[in-house]
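Here is the file input.cif (mmCIF, C-alpha atoms and all ligand atoms).
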```cif
data_model
loop_
_atom_site.label_atom_id
_atom_site.label_comp_id
_atom_site.auth_asym_id
_atom_site.auth_seq_id
_atom_site.Cartn_x
_atom_site.Cartn_y
_atom_site.Cartn_z
CA MET I 1 131.85 15.75 -87.85
CA ALA I 2 131.81 12.28 -86.32
CA LEU I 3 134.31 13.01 -83.56
CA SER I 4 132.58 16.07 -82.23
CA MET I 5 129.20 14.31 -82.38
CA LEU I 6 130.65 11.53 -80.26
CA CYS I 7 132.06 14.11 -77.94
CA LYS I 8 128.71 15.88 -77.58
CA ARG I 9 126.95 12.60 -76.82
CA ILE I 10 129.46 11.66 -74.13
CA PHE I 11 129.25 15.07 -72.50
CA ARG I 12 125.45 15.15 -72.62
CA VAL I 13 125.29 11.84 -70.75
CA SER I 14 127.95 12.87 -68.22
CA LEU I 15 126.37 16.28 -67.65
CA ALA I 16 122.93 14.73 -67.09
CA ASN I 17 124.44 12.34 -64.53
CA SER I 18 126.31 15.10 -62.79
CA MET I 19 123.38 17.53 -62.59
CA SER I 20 120.63 15.05 -61.71
CA ARG I 21 121.03 15.35 -57.93
CA GLN I 22 121.26 19.10 -57.82
CA SER I 23 118.87 21.07 -55.63
CA PRO I 24 118.28 24.72 -56.57
CA THR I 25 116.84 25.69 -53.18
CA LEU I 26 120.06 24.74 -51.41
CA SER I 27 122.11 27.17 -53.50
CA ILE I 28 119.85 29.97 -52.33
CA ILE I 29 120.30 28.94 -48.69
CA VAL I 30 124.09 28.88 -49.17
CA LYS I 31 124.06 32.41 -50.55
CA GLN I 32 121.93 33.67 -47.66
CA LYS I 33 124.34 32.06 -45.23
CA ILE I 34 127.26 33.95 -46.75
CA ILE I 35 125.50 37.27 -46.29
CA SER I 36 124.49 36.63 -42.69
CA ASN I 37 127.74 35.05 -41.50
CA ALA I 38 130.29 37.24 -43.13
CA GLN I 39 130.71 40.94 -43.31
CA MET I 40 132.97 42.60 -45.84
CA VAL I 41 135.25 45.02 -44.09
CA ASP I 42 137.69 47.43 -45.58
CA SER I 43 141.08 47.16 -44.00
CA SER I 44 143.45 49.95 -44.60
CA VAL I 45 146.72 50.20 -42.77
CA GLU I 46 149.85 52.03 -43.67
CA GLY I 47 151.36 50.49 -46.77
CA HIS I 48 148.52 48.03 -47.18
CA LYS I 49 145.03 48.36 -48.50
CA GLY I 50 142.96 45.25 -48.76
CA ARG I 51 139.63 43.68 -47.98
CA ARG I 52 139.14 41.01 -45.39
CA TRP I 53 136.14 38.84 -44.75
CA LEU I 54 135.27 38.56 -41.12
CA CYS I 55 133.30 35.46 -40.24
CA THR I 56 131.31 35.68 -37.06
CA GLU I 57 132.51 32.19 -36.14
CA SER I 58 136.17 32.66 -36.95
CA ASN I 59 136.86 36.06 -35.57
CA GLU I 60 139.23 34.84 -32.89
CA HIS I 61 142.57 35.53 -34.50
CA GLY I 62 144.71 38.48 -33.66
CA LYS I 63 143.87 38.29 -29.95
CA HIS I 64 147.34 37.32 -28.83
CA ARG I 65 149.43 38.74 -31.62
CA HIS I 66 151.73 41.66 -31.00
CA CYS I 67 153.81 43.66 -33.45
CA TRP I 68 157.38 42.38 -33.20
CA LYS I 69 158.70 45.92 -33.71
CA CYS I 70 156.49 48.36 -31.79
CA LYS I 71 155.06 45.63 -29.46
CA ARG I 72 151.52 46.94 -29.94
CA LYS I 73 148.70 44.38 -29.72
CA LEU I 74 147.48 43.66 -33.25
CA ASP I 75 143.77 43.59 -34.02
CA GLU I 76 142.24 41.04 -36.38
CA LEU I 77 142.50 43.34 -39.38
CA GLU I 78 146.24 43.69 -38.98
CA VAL I 79 146.96 40.39 -40.66
CA TYR I 80 150.05 41.21 -42.65
CA PHE I 81 151.08 44.59 -41.34
CA CYS I 82 150.98 46.48 -38.08
CA LYS I 83 149.56 50.01 -38.19
CA CYS I 84 153.17 51.15 -37.71
CA GLY I 85 153.74 49.85 -41.27
CA ILE I 86 155.92 46.88 -40.34
CA ILE I 87 155.37 43.47 -41.91
CA GLN I 88 154.26 40.74 -39.47
CA PRO I 89 154.73 36.95 -39.38
CA LEU I 90 151.60 34.93 -40.15
CA ASP I 91 150.01 32.71 -37.54
CA SER I 92 150.96 29.14 -38.48
CA ASP I 93 147.52 27.90 -37.37
CA TRP I 94 145.72 29.90 -40.03
CA SER I 95 144.02 28.08 -42.82
CA TYR I 96 144.39 29.15 -46.45
CA PHE I 97 140.90 30.63 -46.20
CA GLU I 98 141.97 32.83 -43.30
CA ILE I 99 145.21 33.79 -45.04
CA MET I 100 143.20 34.89 -48.08
CA GLY I 101 140.49 36.56 -45.98
CA THR I 102 137.78 34.34 -47.49
CA PRO I 103 134.96 32.50 -45.69
CA GLN I 104 135.77 28.83 -45.17
CA GLN I 105 133.37 27.28 -47.64
CA PHE I 106 133.42 25.75 -51.08
CA ASP I 107 131.41 28.50 -52.75
CA ILE I 108 133.82 31.42 -52.90
CA ASP I 109 134.04 34.41 -55.20
CA THR I 110 137.17 33.64 -57.23
CA ASN I 111 137.19 37.12 -58.83
CA SER I 112 137.45 38.72 -55.38
CA LEU I 113 140.04 36.11 -54.44
CA THR I 114 142.22 37.06 -57.43
CA LYS I 115 141.79 40.78 -56.75
CA HIS I 116 142.73 40.26 -53.10
CA TYR I 117 145.72 38.11 -54.07
CA ARG I 118 147.09 40.73 -56.47
CA GLY I 119 146.64 43.45 -53.87
CA LEU I 120 148.49 41.40 -51.27
CA GLN I 121 151.37 40.45 -53.53
CA LYS I 122 151.84 44.08 -54.49
CA HIS I 123 152.68 44.82 -50.86
CA LEU I 124 154.31 41.54 -49.82
CA HIS I 125 156.59 40.80 -52.74
CA PRO I 126 160.20 40.24 -51.57
CA ASP I 127 161.48 42.73 -54.20
CA LYS I 128 159.95 45.48 -52.08
CA TYR I 129 162.08 44.41 -49.12
CA SER I 130 165.53 44.34 -50.68
CA GLN I 131 166.57 47.43 -48.69
CA LYS I 132 164.90 46.31 -45.43
CA SER I 133 166.17 44.32 -42.45
CA ASP I 134 166.85 40.56 -42.68
CA LEU I 135 163.81 39.82 -40.54
CA GLU I 136 161.47 41.89 -42.70
CA ARG I 137 162.87 40.22 -45.81
CA GLU I 138 162.38 36.83 -44.23
CA TYR I 139 158.74 37.62 -43.32
CA SER I 140 158.02 38.97 -46.80
CA GLU I 141 159.44 35.83 -48.44
CA ALA I 142 157.49 33.54 -46.12
CA GLN I 143 154.25 35.50 -46.51
CA SER I 144 154.54 35.91 -50.23
CA SER I 145 155.12 32.19 -50.65
CA ILE I 146 152.25 31.11 -48.40
CA VAL I 147 149.89 33.62 -50.05
CA ASN I 148 150.83 32.08 -53.43
CA LYS I 149 150.17 28.61 -52.13
CA ALA I 150 146.87 29.61 -50.49
CA TYR I 151 145.69 31.43 -53.62
CA ASN I 152 146.53 28.58 -56.00
CA THR I 153 144.89 26.02 -53.72
CA LEU I 154 141.67 27.98 -53.33
CA LEU I 155 141.40 29.17 -56.93
CA LYS I 156 140.59 25.86 -58.59
CA PRO I 157 137.51 23.90 -57.54
CA LEU I 158 139.34 20.56 -57.29
CA SER I 159 142.22 21.73 -55.09
CA ARG I 160 139.83 23.91 -53.04
CA GLY I 161 137.55 20.91 -52.46
CA LEU I 162 140.44 18.60 -51.58
CA TYR I 163 141.77 21.20 -49.15
CA LEU I 164 138.33 21.57 -47.51
CA LEU I 165 138.23 17.78 -47.17
CA GLU I 166 141.62 17.94 -45.47
CA LEU I 167 140.27 20.52 -43.02
CA HIS I 168 137.54 17.98 -42.23
CA GLY I 169 140.27 15.41 -41.56
CA GLU I 170 139.59 13.49 -44.78
CA THR I 171 141.61 12.61 -47.86
CA ILE I 172 140.82 10.70 -51.01
CA GLU I 173 142.83 7.53 -51.35
CA GLU I 174 143.16 6.03 -54.80
CA ASP I 175 141.01 2.90 -55.18
CA GLN I 176 138.82 4.07 -52.25
CA ILE I 177 135.86 4.77 -54.49
CA GLU I 178 134.57 2.36 -57.09
CA PHE I 179 133.28 3.92 -60.27
CA GLU I 180 130.70 2.36 -62.51
CA PRO I 181 132.24 1.10 -65.79
CA ASP I 182 130.19 3.59 -67.88
CA PHE I 183 131.78 6.53 -66.12
CA LEU I 184 135.32 5.31 -66.73
CA MET I 185 134.44 4.41 -70.31
CA ASP I 186 133.08 7.95 -70.94
CA ILE I 187 136.24 9.52 -69.55
CA MET I 188 138.40 7.23 -71.64
CA GLU I 189 136.46 8.15 -74.78
CA VAL I 190 136.85 11.88 -74.14
CA ASN I 191 140.58 11.44 -73.55
CA GLU I 192 140.89 9.46 -76.77
CA THR I 193 138.90 12.03 -78.73
CA LEU I 194 141.09 14.77 -77.32
CA ALA I 195 144.31 12.93 -78.18
CA ASN I 196 143.10 12.27 -81.73
CA SER I 197 141.87 15.83 -82.27
CA ALA I 198 144.80 17.82 -80.94
CA ASP I 199 145.35 19.27 -84.42
CA ASN I 200 141.80 20.56 -84.67
CA ALA I 201 141.42 23.77 -82.67
CA ASP I 202 137.60 23.75 -82.98
CA THR I 203 137.23 20.23 -81.61
CA VAL I 204 139.62 21.00 -78.75
CA ARG I 205 137.60 24.10 -77.93
CA LEU I 206 134.35 22.11 -78.08
CA ILE I 207 135.74 19.53 -75.68
CA GLN I 208 136.83 22.33 -73.35
CA LYS I 209 133.40 23.96 -73.50
CA GLU I 210 131.47 20.76 -72.78
CA ASN I 211 133.94 19.68 -70.10
CA ARG I 212 133.62 23.00 -68.30
CA LYS I 213 129.84 22.69 -68.28
CA ILE I 214 130.30 19.42 -66.42
CA ILE I 215 132.81 20.99 -64.03
CA ASN I 216 130.29 23.77 -63.33
CA GLY I 217 127.70 21.11 -62.48
CA PHE I 218 130.15 19.62 -59.99
CA ILE I 219 130.74 23.05 -58.45
CA VAL I 220 127.01 23.40 -57.75
CA GLU I 221 126.82 19.92 -56.24
CA LEU I 222 129.98 20.38 -54.17
CA THR I 223 128.69 23.69 -52.82
CA ASP I 224 125.59 21.90 -51.54
CA ALA I 225 127.53 18.92 -50.20
CA PHE I 226 129.96 21.07 -48.19
CA ALA I 227 127.25 23.48 -47.04
CA ASN I 228 125.33 20.48 -45.67
CA GLU I 229 128.49 18.94 -44.18
CA ASN I 230 127.88 15.90 -46.37
CA ILE I 231 131.55 14.98 -46.52
CA LYS I 232 130.93 11.49 -47.90
CA LYS I 233 129.13 13.03 -50.88
CA ALA I 234 131.83 15.69 -51.30
CA LYS I 235 134.45 12.95 -51.42
CA GLU I 236 132.59 11.06 -54.10
CA LEU I 237 132.08 14.21 -56.19
CA LEU I 238 135.73 15.22 -55.86
CA SER I 239 136.88 11.75 -56.90
CA ARG I 240 134.93 12.19 -60.14
CA LEU I 241 135.85 15.84 -60.59
CA LYS I 242 139.52 14.78 -60.64
CA TYR I 243 138.96 13.17 -64.05
CA TYR I 244 137.29 16.25 -65.55
CA ALA I 245 139.88 18.58 -64.05
CA ASN I 246 142.50 16.36 -65.66
CA ILE I 247 140.80 16.73 -69.08
CA ASP I 248 140.72 20.51 -68.56
CA GLU I 249 144.47 20.54 -67.84
CA LYS I 250 145.17 18.42 -70.93
CA VAL I 251 143.10 20.80 -73.08
CA LYS I 252 145.02 23.80 -71.73
CA GLN I 253 148.31 22.03 -72.39
CA ILE I 254 147.32 21.34 -76.02
CA GLN I 255 146.20 24.96 -76.44
CA ARG I 256 149.54 26.19 -75.10
CA ASP I 257 151.57 23.76 -77.22
CA LYS I 258 149.63 24.48 -80.42
CA GLY I 259 149.13 28.20 -79.81
CA TYR I 260 145.31 27.87 -79.86
CA MET I 261 143.12 30.46 -78.24
CA SER I 262 141.54 29.26 -75.02
CA SER I 263 137.76 29.52 -74.52
CA TYR I 264 136.28 31.29 -71.54
CA PHE I 265 132.91 30.03 -70.38
ZN ZN T 1 154.00 47.91 -35.02
#
```

Mind turning the file's structure into structure tokens?
Amino acid sequence: MALSMLCKRIFRVSLANSMSRQSPTLSIIVKQKIISNAQMVDSSVEGHKGRRWLCTESNEHGKHRHCWKCKRKLDELEVYFCKCGIIQPLDSDWSYFEIMGTPQQFDIDTNSLTKHYRGLQKHLHPDKYSQKSDLEREYSEAQSSIVNKAYNTLLKPLSRGLYLLELHGETIEEDQIEFEPDFLMDIMEVNETLANSADNADTVRLIQKENRKIINGFIVELTDAFANENIKKAKELLSRLKYYANIDEKVKQIQRDKGYMSSYF
């Protein structure tokens, strides 16, 4: 089929461009760094079982926190609850990575993140606090909402990358980065193909598959860029990733609207 051939060609070119600067050795270094810097610790307090990553560099929190109810000094594992079982307010200085107990880096395990998120929401959900005091209800609403926000920001590579940029004091302004005409032309062609093929479930799925391969290439490159503190490179990659993330969202919207099955790659 002509459309899907065109699509394949576009994606092959884009993928080759995106993967060309990738260095396999760096990924290995990144993984080693995770193992040496972070230690997985089981945290289990009354009413809350969860796992929390403790980074050797960011182990400072909890030092000056005290339980508002029993006044006991909280240790760093007592993030959401005191050992007395009472829900605690979160420290407003905490980053989303700290809130989700994940090392502050681009390369995170999203399966663990989702598992951790579900575990937290099970204990923090405001429905569980309907019979509790106003303060406890207030804390549960605030925590539940910030945990949602933190989870959704860290889950997707684009929002996670943009958030990491923010933590480095950087943002991406529109028109800050100039793209070569070929790149914009490729993106336009994919968008056109997608719009013209919305009625063809196979073509939509093919676009999704090829687009996700490209996104995965960006994830590898972004992992290296952030691990090497190459923020300029990360910015450039994220500016491009925005376009592919946008295609992915459009595909998902079509699949929802048309009742197509989504592909998982
Ligand atoms: Zn307490």

Next item on the list: Figure out the distance between atom CA of I:Asp248 and atom CA of I:Arg212, please, to one decimal in Å.
Entry: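 Value for the atom CA of I:Arg212-atom CA of I:Asp248 distance: 7.5 Å.
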
12 Å shell around ligand ZN 1 (chain T) using only C-alpha atoms and all ligand atoms, listed as a PDB file with C-alpha atoms, in the frame of the given file:
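The file below, part.pdb, is the result:
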```pdb
ATOM      1  CA  VAL I  45     146.720  50.200 -42.770  1.00  0.00           C
ATOM      2  CA  GLU I  46     149.850  52.030 -43.670  1.00  0.00           C
ATOM      3  CA  ARG I  65     149.430  38.740 -31.620  1.00  0.00           C
ATOM      4  CA  HIS I  66     151.730  41.660 -31.000  1.00  0.00           C
ATOM      5  CA  CYS I  67     153.810  43.660 -33.450  1.00  0.00           C
ATOM      6  CA  TRP I  68     157.380  42.380 -33.200  1.00  0.00           C
ATOM      7  CA  LYS I  69     158.700  45.920 -33.710  1.00  0.00           C
ATOM      8  CA  CYS I  70     156.490  48.360 -31.790  1.00  0.00           C
ATOM      9  CA  LYS I  71     155.060  45.630 -29.460  1.00  0.00           C
ATOM     10  CA  ARG I  72     151.520  46.940 -29.940  1.00  0.00           C
ATOM     11  CA  LYS I  73     148.700  44.380 -29.720  1.00  0.00           C
ATOM     12  CA  LEU I  74     147.480  43.660 -33.250  1.00  0.00           C
ATOM     13  CA  ASP I  75     143.770  43.590 -34.020  1.00  0.00           C
ATOM     14  CA  GLU I  78     146.240  43.690 -38.980  1.00  0.00           C
ATOM     15  CA  VAL I  79     146.960  40.390 -40.660  1.00  0.00           C
ATOM     16  CA  TYR I  80     150.050  41.210 -42.650  1.00  0.00           C
ATOM     17  CA  PHE I  81     151.080  44.590 -41.340  1.00  0.00           C
ATOM     18  CA  CYS I  82     150.980  46.480 -38.080  1.00  0.00           C
ATOM     19  CA  LYS I  83     149.560  50.010 -38.190  1.00  0.00           C
ATOM     20  CA  CYS I  84     153.170  51.150 -37.710  1.00  0.00           C
ATOM     21  CA  GLY I  85     153.740  49.850 -41.270  1.00  0.00           C
ATOM     22  CA  ILE I  86     155.920  46.880 -40.340  1.00  0.00           C
ATOM     23  CA  ILE I  87     155.370  43.470 -41.910  1.00  0.00           C
ATOM     24  CA  GLN I  88     154.260  40.740 -39.470  1.00  0.00           C
ATOM     25  CA  PRO I  89     154.730  36.950 -39.380  1.00  0.00           C
TER      26      PRO I  89
END
```

Checklist line | Counting only C-alpha atoms, the option among I:Glu166, I:Ile247, I:Asp127, I:Asp107 closest to I:Glu192 | finding: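 Of all the options, I:Ile247 lies closest to I:Glu192.
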
Checklist line | For atom CA of I:Phe183 and atom CA of I:Tyr244, the interatomic separation in Å (one decimal) | finding: 11.2 Å

Note to self: Counting all atoms listed in the file, which residue out of I:Arg240, I:Ser133, I:Val190, I:Lys233 sits closest to I:Gln208?
What the structure shows: I:Val190

Notebook entry, point to check: What gap, in Å, lies between atom CA of I:Val147 and atom CA of I:Asp93?
Noted result: 14.1 Å

Check: Which of these residues is nearest to I:Lys242, using only C-alpha atoms: I:Ser112, I:Ser159, I:Asn230, I:Asn200?
Finding: I:Ser159

Next item on the list: Can you work out which one of I:Gln105, I:Thr171, I:Asn152, I:Ser144 has the shortest atom-to-atom distance to I:Leu120, counting all atoms listed in the file?
Entry: I:Ser144

Check: From the list I:Leu158, I:Tyr151, I:Leu165, I:Glu236, which residue is nearest I:His116 when using all atoms listed in the file?
Finding: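 Among the listed residues, the smallest separation from I:His116 belongs to I:Tyr151.
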
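Within 8 Å of the point (146.1, 23.1, -78.1), counting all atoms listed in the file, the protein and nucleic acid residues come to Ala198, Asp199, Ala201, Val204, Val251, Lys252, Gln253, Ile254, Gln255, Arg256, Asp257, Lys258, Gly259, Tyr260 and Met261 of chain I.
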
Coordinate excerpt as a PDB file, in the first residue's frame: stretch 210-234 of chain I, N, CA and C atoms:
```
ATOM      1  N   GLU I 210       6.006   2.398  14.311  1.00  0.00           N
ATOM      2  CA  GLU I 210       7.212   3.068  13.827  1.00  0.00           C
ATOM      3  C   GLU I 210       7.532   4.301  14.671  1.00  0.00           C
ATOM      4  N   ASN I 211       6.482   5.027  15.057  1.00  0.00           N
ATOM      5  CA  ASN I 211       6.677   6.232  15.862  1.00  0.00           C
ATOM      6  C   ASN I 211       7.267   5.887  17.228  1.00  0.00           C
ATOM      7  N   ARG I 212       6.802   4.774  17.790  1.00  0.00           N
ATOM      8  CA  ARG I 212       7.324   4.387  19.110  1.00  0.00           C
ATOM      9  C   ARG I 212       8.770   3.917  19.048  1.00  0.00           C
ATOM     10  N   LYS I 213       9.155   3.361  17.901  1.00  0.00           N
ATOM     11  CA  LYS I 213      10.574   2.988  17.734  1.00  0.00           C
ATOM     12  C   LYS I 213      11.421   4.251  17.817  1.00  0.00           C
ATOM     13  N   ILE I 214      10.939   5.307  17.172  1.00  0.00           N
ATOM     14  CA  ILE I 214      11.673   6.575  17.198  1.00  0.00           C
ATOM     15  C   ILE I 214      11.713   7.122  18.621  1.00  0.00           C
ATOM     16  N   ILE I 215      10.576   7.091  19.292  1.00  0.00           N
ATOM     17  CA  ILE I 215      10.524   7.584  20.681  1.00  0.00           C
ATOM     18  C   ILE I 215      11.519   6.808  21.544  1.00  0.00           C
ATOM     19  N   ASN I 216      11.599   5.492  21.334  1.00  0.00           N
ATOM     20  CA  ASN I 216      12.548   4.688  22.109  1.00  0.00           C
ATOM     21  C   ASN I 216      13.990   5.109  21.842  1.00  0.00           C
ATOM     22  N   GLY I 217      14.273   5.480  20.592  1.00  0.00           N
ATOM     23  CA  GLY I 217      15.600   6.002  20.253  1.00  0.00           C
ATOM     24  C   GLY I 217      15.894   7.280  21.022  1.00  0.00           C
ATOM     25  N   PHE I 218      14.898   8.133  21.134  1.00  0.00           N
ATOM     26  CA  PHE I 218      15.057   9.377  21.896  1.00  0.00           C
ATOM     27  C   PHE I 218      15.301   9.086  23.376  1.00  0.00           C
ATOM     28  N   ILE I 219      14.620   8.066  23.895  1.00  0.00           N
ATOM     29  CA  ILE I 219      14.780   7.729  25.314  1.00  0.00           C
ATOM     30  C   ILE I 219      16.244   7.353  25.599  1.00  0.00           C
ATOM     31  N   VAL I 220      16.828   6.562  24.687  1.00  0.00           N
ATOM     32  CA  VAL I 220      18.229   6.159  24.855  1.00  0.00           C
ATOM     33  C   VAL I 220      19.136   7.395  24.833  1.00  0.00           C
ATOM     34  N   GLU I 221      18.892   8.265  23.862  1.00  0.00           N
ATOM     35  CA  GLU I 221      19.735   9.464  23.733  1.00  0.00           C
ATOM     36  C   GLU I 221      19.557  10.421  24.910  1.00  0.00           C
ATOM     37  N   LEU I 222      18.318  10.560  25.364  1.00  0.00           N
ATOM     38  CA  LEU I 222      18.054  11.460  26.502  1.00  0.00           C
ATOM     39  C   LEU I 222      18.683  10.924  27.780  1.00  0.00           C
ATOM     40  N   THR I 223      18.664   9.602  27.930  1.00  0.00           N
ATOM     41  CA  THR I 223      19.285   8.990  29.108  1.00  0.00           C
ATOM     42  C   THR I 223      20.760   9.377  29.155  1.00  0.00           C
ATOM     43  N   ASP I 224      21.437   9.259  28.015  1.00  0.00           N
ATOM     44  CA  ASP I 224      22.855   9.617  27.943  1.00  0.00           C
ATOM     45  C   ASP I 224      23.057  11.108  28.188  1.00  0.00           C
ATOM     46  N   ALA I 225      22.220  11.931  27.555  1.00  0.00           N
ATOM     47  CA  ALA I 225      22.387  13.382  27.679  1.00  0.00           C
ATOM     48  C   ALA I 225      22.248  13.821  29.139  1.00  0.00           C
ATOM     49  N   PHE I 226      21.211  13.342  29.823  1.00  0.00           N
ATOM     50  CA  PHE I 226      21.014  13.730  31.227  1.00  0.00           C
ATOM     51  C   PHE I 226      22.088  13.131  32.129  1.00  0.00           C
ATOM     52  N   ALA I 227      22.470  11.876  31.855  1.00  0.00           N
ATOM     53  CA  ALA I 227      23.493  11.239  32.690  1.00  0.00           C
ATOM     54  C   ALA I 227      24.813  11.996  32.584  1.00  0.00           C
ATOM     55  N   ASN I 228      25.067  12.593  31.412  1.00  0.00           N
ATOM     56  CA  ASN I 228      26.309  13.358  31.204  1.00  0.00           C
ATOM     57  C   ASN I 228      26.122  14.843  31.457  1.00  0.00           C
ATOM     58  N   GLU I 229      24.963  15.200  32.020  1.00  0.00           N
ATOM     59  CA  GLU I 229      24.660  16.611  32.326  1.00  0.00           C
ATOM     60  C   GLU I 229      24.761  17.486  31.069  1.00  0.00           C
ATOM     61  N   ASN I 230      24.517  16.888  29.915  1.00  0.00           N
ATOM     62  CA  ASN I 230      24.547  17.657  28.675  1.00  0.00           C
ATOM     63  C   ASN I 230      23.138  18.243  28.444  1.00  0.00           C
ATOM     64  N   ILE I 231      22.869  19.327  29.137  1.00  0.00           N
ATOM     65  CA  ILE I 231      21.524  19.890  29.159  1.00  0.00           C
ATOM     66  C   ILE I 231      21.154  20.511  27.807  1.00  0.00           C
ATOM     67  N   LYS I 232      22.162  21.056  27.136  1.00  0.00           N
ATOM     68  CA  LYS I 232      21.911  21.647  25.815  1.00  0.00           C
ATOM     69  C   LYS I 232      21.403  20.563  24.855  1.00  0.00           C
ATOM     70  N   LYS I 233      22.054  19.405  24.907  1.00  0.00           N
ATOM     71  CA  LYS I 233      21.660  18.278  24.056  1.00  0.00           C
ATOM     72  C   LYS I 233      20.263  17.784  24.453  1.00  0.00           C
ATOM     73  N   ALA I 234      20.035  17.688  25.759  1.00  0.00           N
ATOM     74  CA  ALA I 234      18.733  17.214  26.246  1.00  0.00           C
ATOM     75  C   ALA I 234      17.624  18.137  25.748  1.00  0.00           C
TER      76      ALA I 234
END
```
